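Structure below is entry28.txt: compact mmCIF, C-alpha atoms.
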```txt
# COMPACT_ATOMS: atom_id res chain seq x y z
CA MET A 115 24.01 -13.17 -7.43
CA SER A 116 22.09 -13.53 -4.18
CA ARG A 117 20.84 -10.49 -2.33
CA ILE A 118 20.63 -10.23 1.45
CA ILE A 119 17.70 -8.35 2.95
CA SER A 120 18.42 -7.11 6.45
CA TYR A 121 16.65 -4.68 8.74
CA SER A 122 17.04 -2.54 11.82
CA THR A 123 14.86 -0.14 13.78
CA ALA A 124 15.43 3.56 14.28
CA ASP A 125 13.80 6.89 14.95
CA LYS A 126 13.06 8.08 11.41
CA SER A 127 13.54 11.71 12.37
CA HIS A 128 17.03 10.95 13.68
CA VAL A 129 18.07 9.37 10.38
CA ILE A 130 16.57 12.13 8.26
CA GLY A 131 17.89 14.77 10.66
CA PHE A 132 21.45 14.15 9.42
CA LEU A 133 20.63 14.71 5.76
CA GLY A 134 21.48 18.30 4.98
CA ALA A 135 22.41 19.16 8.56
CA ALA A 136 26.21 19.31 8.16
CA GLU A 137 26.39 23.06 8.71
CA HIS A 138 24.37 22.99 11.93
CA PHE A 139 24.98 19.68 13.67
CA THR A 140 24.09 19.41 17.31
CA ALA A 141 26.85 18.18 19.60
CA GLU A 142 25.38 14.65 19.51
CA GLN A 143 25.07 14.71 15.72
CA GLN A 144 28.68 15.87 15.47
CA ARG A 145 29.75 12.94 17.63
CA LEU A 146 27.82 10.43 15.52
CA ALA A 147 29.03 12.04 12.30
CA GLY A 148 32.55 11.21 13.45
CA PHE A 149 31.60 7.53 13.64
CA MET A 150 29.94 7.77 10.23
CA ARG A 151 33.09 9.18 8.68
CA GLU A 152 35.19 6.42 10.21
CA SER A 153 32.76 3.83 8.84
CA ALA A 154 32.85 5.49 5.42
CA ARG A 155 36.64 5.28 5.32
CA ALA A 156 36.51 1.60 6.29
CA ALA A 157 33.89 0.94 3.60
CA GLN A 158 36.04 2.70 1.01
CA ALA A 159 39.05 0.61 2.00
CA GLU A 160 37.01 -2.49 1.14
CA VAL A 161 35.91 -0.92 -2.18
CA ASP A 162 39.55 -0.19 -2.98
CA ARG A 163 40.59 -3.71 -1.98
CA GLN A 164 38.12 -5.08 -4.52
CA ASP A 165 39.27 -2.52 -7.10
CA LEU A 166 35.66 -1.52 -7.84
CA GLY A 167 36.37 2.06 -8.89
CA TRP A 168 32.95 3.69 -8.52
CA GLY A 169 34.19 7.17 -9.46
CA LEU A 170 32.82 8.57 -6.20
CA THR A 171 34.22 7.44 -2.86
CA VAL A 172 32.01 6.46 0.05
CA PRO A 173 33.45 9.29 2.22
CA GLU A 174 32.65 11.78 -0.56
CA ALA A 175 29.16 10.36 -0.92
CA LEU A 176 28.61 10.63 2.83
CA GLU A 177 29.61 14.30 2.81
CA HIS A 178 27.15 14.90 -0.02
CA LEU A 179 24.31 13.32 1.99
CA LEU A 180 25.20 15.28 5.10
CA ALA A 181 25.18 18.42 2.95
CA GLY A 182 21.72 17.51 1.67
CA HIS A 183 22.25 16.26 -1.88
CA ALA A 184 23.19 13.25 -3.98
CA SER A 185 24.18 15.11 -7.10
CA SER A 186 27.16 13.23 -8.51
CA ALA A 187 26.58 12.19 -12.10
CA VAL A 188 29.34 9.58 -12.38
CA PRO A 189 27.89 6.27 -13.65
CA ALA A 190 28.38 4.24 -10.45
CA ALA A 191 27.64 7.02 -7.95
CA GLY A 192 24.55 5.14 -6.79
CA ASN A 193 26.79 2.45 -5.29
CA ALA A 194 28.69 4.97 -3.19
CA TYR A 195 25.51 6.79 -2.14
CA ALA A 196 23.87 3.51 -1.13
CA GLY A 197 26.89 2.64 1.01
CA ALA A 198 26.89 6.09 2.60
CA MET A 199 23.14 6.03 3.27
CA GLN A 200 23.49 2.65 4.95
CA ILE A 201 26.10 4.15 7.25
CA VAL A 202 23.75 7.00 8.21
CA ILE A 203 21.02 4.50 9.02
CA ASP A 204 23.34 2.14 10.92
CA CYS A 205 24.69 4.90 13.15
CA ASN A 206 21.15 5.75 14.25
CA ALA A 207 19.63 2.29 14.42
CA SER A 208 19.54 -0.94 16.38
CA ASP A 209 21.78 -3.83 15.42
CA SER A 210 21.00 -5.12 11.96
CA MET A 211 19.23 -8.48 11.61
CA GLU A 212 18.87 -10.66 8.54
CA LEU A 213 15.42 -11.14 7.07
CA ALA A 214 16.23 -13.47 4.17
CA VAL A 215 18.44 -14.16 1.18
CA TYR A 216 16.98 -14.17 -2.33
CA SER A 217 18.50 -14.73 -5.75
CA ARG A 218 16.00 -12.26 -7.23
CA PRO A 219 14.24 -10.33 -4.47
CA ALA A 220 12.32 -8.03 -6.82
CA THR A 221 10.89 -11.02 -8.69
CA PHE A 222 10.04 -12.84 -5.46
CA PHE A 223 8.24 -9.92 -3.82
CA ASP A 224 6.39 -9.04 -6.99
CA ALA A 225 5.00 -12.59 -7.04
CA LEU A 226 4.28 -12.60 -3.29
CA ASP A 227 2.45 -9.27 -3.51
CA ARG A 228 0.27 -10.65 -6.31
CA GLU A 229 -0.57 -13.73 -4.23
CA LEU A 230 -1.42 -11.68 -1.15
CA ARG A 231 -3.48 -9.23 -3.18
CA ARG A 232 -5.39 -12.13 -4.74
CA ALA A 233 -6.11 -13.44 -1.23
CA GLY A 234 -7.54 -10.07 -0.18
CA VAL A 235 -4.65 -8.25 1.53
CA SER A 236 -4.97 -4.51 0.94
CA VAL A 237 -2.45 -2.81 -1.34
CA ASP A 238 -1.11 -0.61 1.47
CA LEU A 239 0.05 -3.70 3.42
CA LEU A 240 1.86 -5.59 0.64
CA PRO A 241 5.43 -6.35 1.75
CA GLY A 242 7.15 -5.65 -1.54
CA SER A 243 5.87 -2.10 -1.46
CA PHE A 244 7.70 -1.33 1.77
CA ILE A 245 10.64 -3.75 1.89
CA MET A 246 11.81 -2.49 -1.51
CA GLY A 247 9.90 0.77 -1.58
CA GLY A 248 12.78 3.20 -1.17
CA LEU A 249 13.55 5.78 1.49
CA PRO A 250 10.98 7.92 3.34
CA ALA A 251 9.49 10.82 1.40
CA GLU A 252 11.03 13.25 3.88
CA VAL A 253 14.53 12.51 2.56
CA PRO A 254 15.50 15.78 0.83
CA PHE A 255 16.99 14.19 -2.28
CA HIS A 256 16.65 11.19 -4.57
CA LEU A 257 19.40 8.59 -4.45
CA PRO A 258 20.46 7.35 -7.88
CA LEU A 259 20.08 3.60 -8.19
CA PRO A 260 23.20 1.45 -7.83
CA SER A 261 24.68 -0.25 -10.85
CA HIS A 262 22.47 -3.33 -10.35
CA ALA A 263 19.50 -0.96 -10.94
CA MET A 264 17.49 -2.18 -7.97
CA GLU A 265 16.26 -0.22 -4.97
CA ASN A 266 18.49 -0.76 -1.93
CA PHE A 267 16.17 0.47 0.79
CA GLY A 268 12.71 0.24 2.25
CA PHE A 269 10.99 1.25 5.46
CA TRP A 270 7.86 0.52 7.48
CA PRO A 271 6.35 2.23 10.54
CA LEU A 272 6.60 0.06 13.64
CA GLU A 273 3.00 0.89 14.48
CA LYS A 274 1.98 -0.95 11.30
CA ALA A 275 4.04 -4.08 11.96
CA LYS A 276 1.15 -5.90 13.67
CA PRO A 277 -1.53 -4.96 11.11
CA ALA A 278 0.73 -6.29 8.36
CA ALA A 279 1.55 -9.50 10.23
CA ASP A 280 -2.12 -10.09 11.06
CA ALA A 281 -3.15 -9.56 7.45
CA TYR A 282 -0.61 -12.09 6.19
CA ARG A 283 -1.51 -14.60 8.89
CA ALA A 284 -5.19 -14.39 8.00
CA VAL A 285 -4.61 -15.52 4.40
CA GLN A 286 -1.57 -17.71 4.84
CA ASP A 287 -3.40 -20.96 4.09
CA GLN A 288 -4.71 -19.53 0.80
CA LEU A 289 -1.29 -18.91 -0.73
CA ASP A 290 0.85 -21.05 -2.97
CA GLY A 291 3.09 -23.28 -0.84
CA ASP A 292 6.18 -21.77 -2.46
CA PHE A 293 5.67 -18.69 -0.29
CA THR A 294 4.97 -20.44 3.03
CA TYR A 295 8.42 -20.37 4.61
CA GLU A 296 9.33 -16.82 3.62
CA LEU A 297 5.96 -15.46 4.73
CA GLU A 298 6.22 -17.25 8.08
CA GLN A 299 9.64 -15.68 8.61
CA LEU A 300 8.30 -12.22 7.78
CA ILE A 301 5.31 -12.64 10.11
CA GLU A 302 7.58 -13.84 12.91
CA LYS A 303 9.90 -10.86 12.58
CA LEU A 304 7.09 -8.31 12.33
CA ASP A 305 5.48 -9.84 15.45
CA PHE A 306 8.80 -9.63 17.29
CA GLU A 307 9.37 -5.98 16.34
CA HIS A 308 5.80 -5.11 17.31
CA GLU A 309 6.23 -6.69 20.75
CA ASN A 310 9.51 -4.83 21.31
CA TRP A 311 7.89 -1.57 20.21
CA VAL A 312 4.93 -2.00 22.57
CA GLU A 313 7.16 -2.88 25.52
CA SER A 314 9.44 0.08 24.81
CA GLN A 315 6.65 2.66 24.92
CA GLU A 316 7.15 2.86 28.69
CA ILE A 317 10.82 3.88 28.28
CA ASP A 318 11.12 7.67 28.25
CA TRP A 319 14.12 7.88 25.95
CA TYR A 320 12.90 5.30 23.43
CA THR A 321 11.77 6.96 20.21
CA GLN A 322 12.36 4.31 17.54
CA ASP A 323 9.37 4.27 15.23
CA THR A 324 10.51 2.77 11.93
CA ILE A 325 11.89 -0.46 10.48
CA PHE A 326 14.53 0.25 7.84
CA PHE A 327 15.20 -2.49 5.29
CA SER A 328 18.44 -2.80 3.33
CA ILE A 329 19.21 -4.94 0.31
CA THR A 330 22.85 -5.82 -0.27
CA GLY A 331 24.74 -8.51 -2.08
```
Can you present the structure in this file as structure tokens?
Amino acid sequence: MSRIISYSTADKSHVIGFLGAAEHFTAEQQRLAGFMRESARAAQAEVDRQDLGWGLTVPEALEHLLAGHASSAVPAAGNAYAGAMQIVIDCNASDSMELAVYSRPATFFDALDRELRRAGVSVDLLPGSFIMGGLPAEVPFHLPLPSHAMENFGFWPLEKAKPAADAYRAVQDQLDGDFTYELEQLIEKLDFEHENWVESQEIDWYTQDTIFFSITG
């Protein structure tokens, strides 16, 4: 089954600020939480239509995250929590854009990271470590993995988009040709997000500082 990797940009503090804040939402958070709950109900309707039966509904999972935990022990709770977490991100982020589609993203990025490391790219810039690296450390709980047992999220500071793109560009001609297209796409998108970030620094209200990656399928 193919997996779609998409991404959006957001203020990391805004995303994390919802997790555990249900009892003391600001007026703006309360407004956005209303949209999140609507989205959760719509997502659950699709789950029900497919008769997936996760044991925990997406609206229930969302309320758990807003209360600051992901404590359900039902076997497929990770699916509901992943769906709910995506809703929290989406309600705080730019429009989502597709990065790529992979049949086995974990296998692909493991191989790409090895190639880049062999070519001299430092460990802290390897794409697999951030595209599939999980949520920020500031998230106050650990999401259980979905039933496919693969991390659904990753993130990367916008200020590091250019250093990563430059590092990949510098060694591009040293890599196996099997990685050429995908790496060019990643470089292009990191360059684009860096340019947007630089241009937006002059906008007073702009605070987006993080690329959030999502893996769905």
- Note on the structure: note - CA of His183 in chain A and CA of Ile119 in chain A are separated by 25.5 Å
- Item | Using all atoms listed in the file: which of A:Leu133, A:Phe149, A:Gly331, A:Met211 has the shortest distance to Ala175 in chain A |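 Once distances to Ala175 in chain A are computed over all atoms listed in the file, the minimum belongs to A:Leu133.
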- Item | Pick from A:Phe132, A:Leu166, A:Pro260, A:Ser116, whichever lies nearest to Arg145 in chain A using all atoms listed in the file | A:Phe132
- Task: Extract, using all atoms listed in the file, all DNA, RNA and protein residues at most 8 Å from Ala281 in chain A, discarding same-chain residues fewer than 4 positions from it, and format them as a ChimeraX atom specification.
- Result: /A:235,239,277,285
- Query: Counting only C-alpha atoms, which of A:Pro173, A:Ala233, A:Thr294, A:Val188 gets nearest to Ala159 in chain A?
  - Reply: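 Once distances to Ala159 in chain A are computed over only C-alpha atoms, the minimum belongs to A:Pro173.
Only residues having an atom at most 12 Å from (17.7, -17.8, -0.9) are included; using all atoms listed in the file, these are Met115, Ser116, Arg117, Ile118, Ile119, Glu212, Leu213, Ala214, Val215, Tyr216, Ser217, Arg218, Pro219, Phe222, Tyr295, Glu296 and Gly331 of chain A.
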- Could you please determine the separation between CA of Leu249 in chain A and CA of Gly182 in chain A in Å, to one decimal place? 14.3 Å
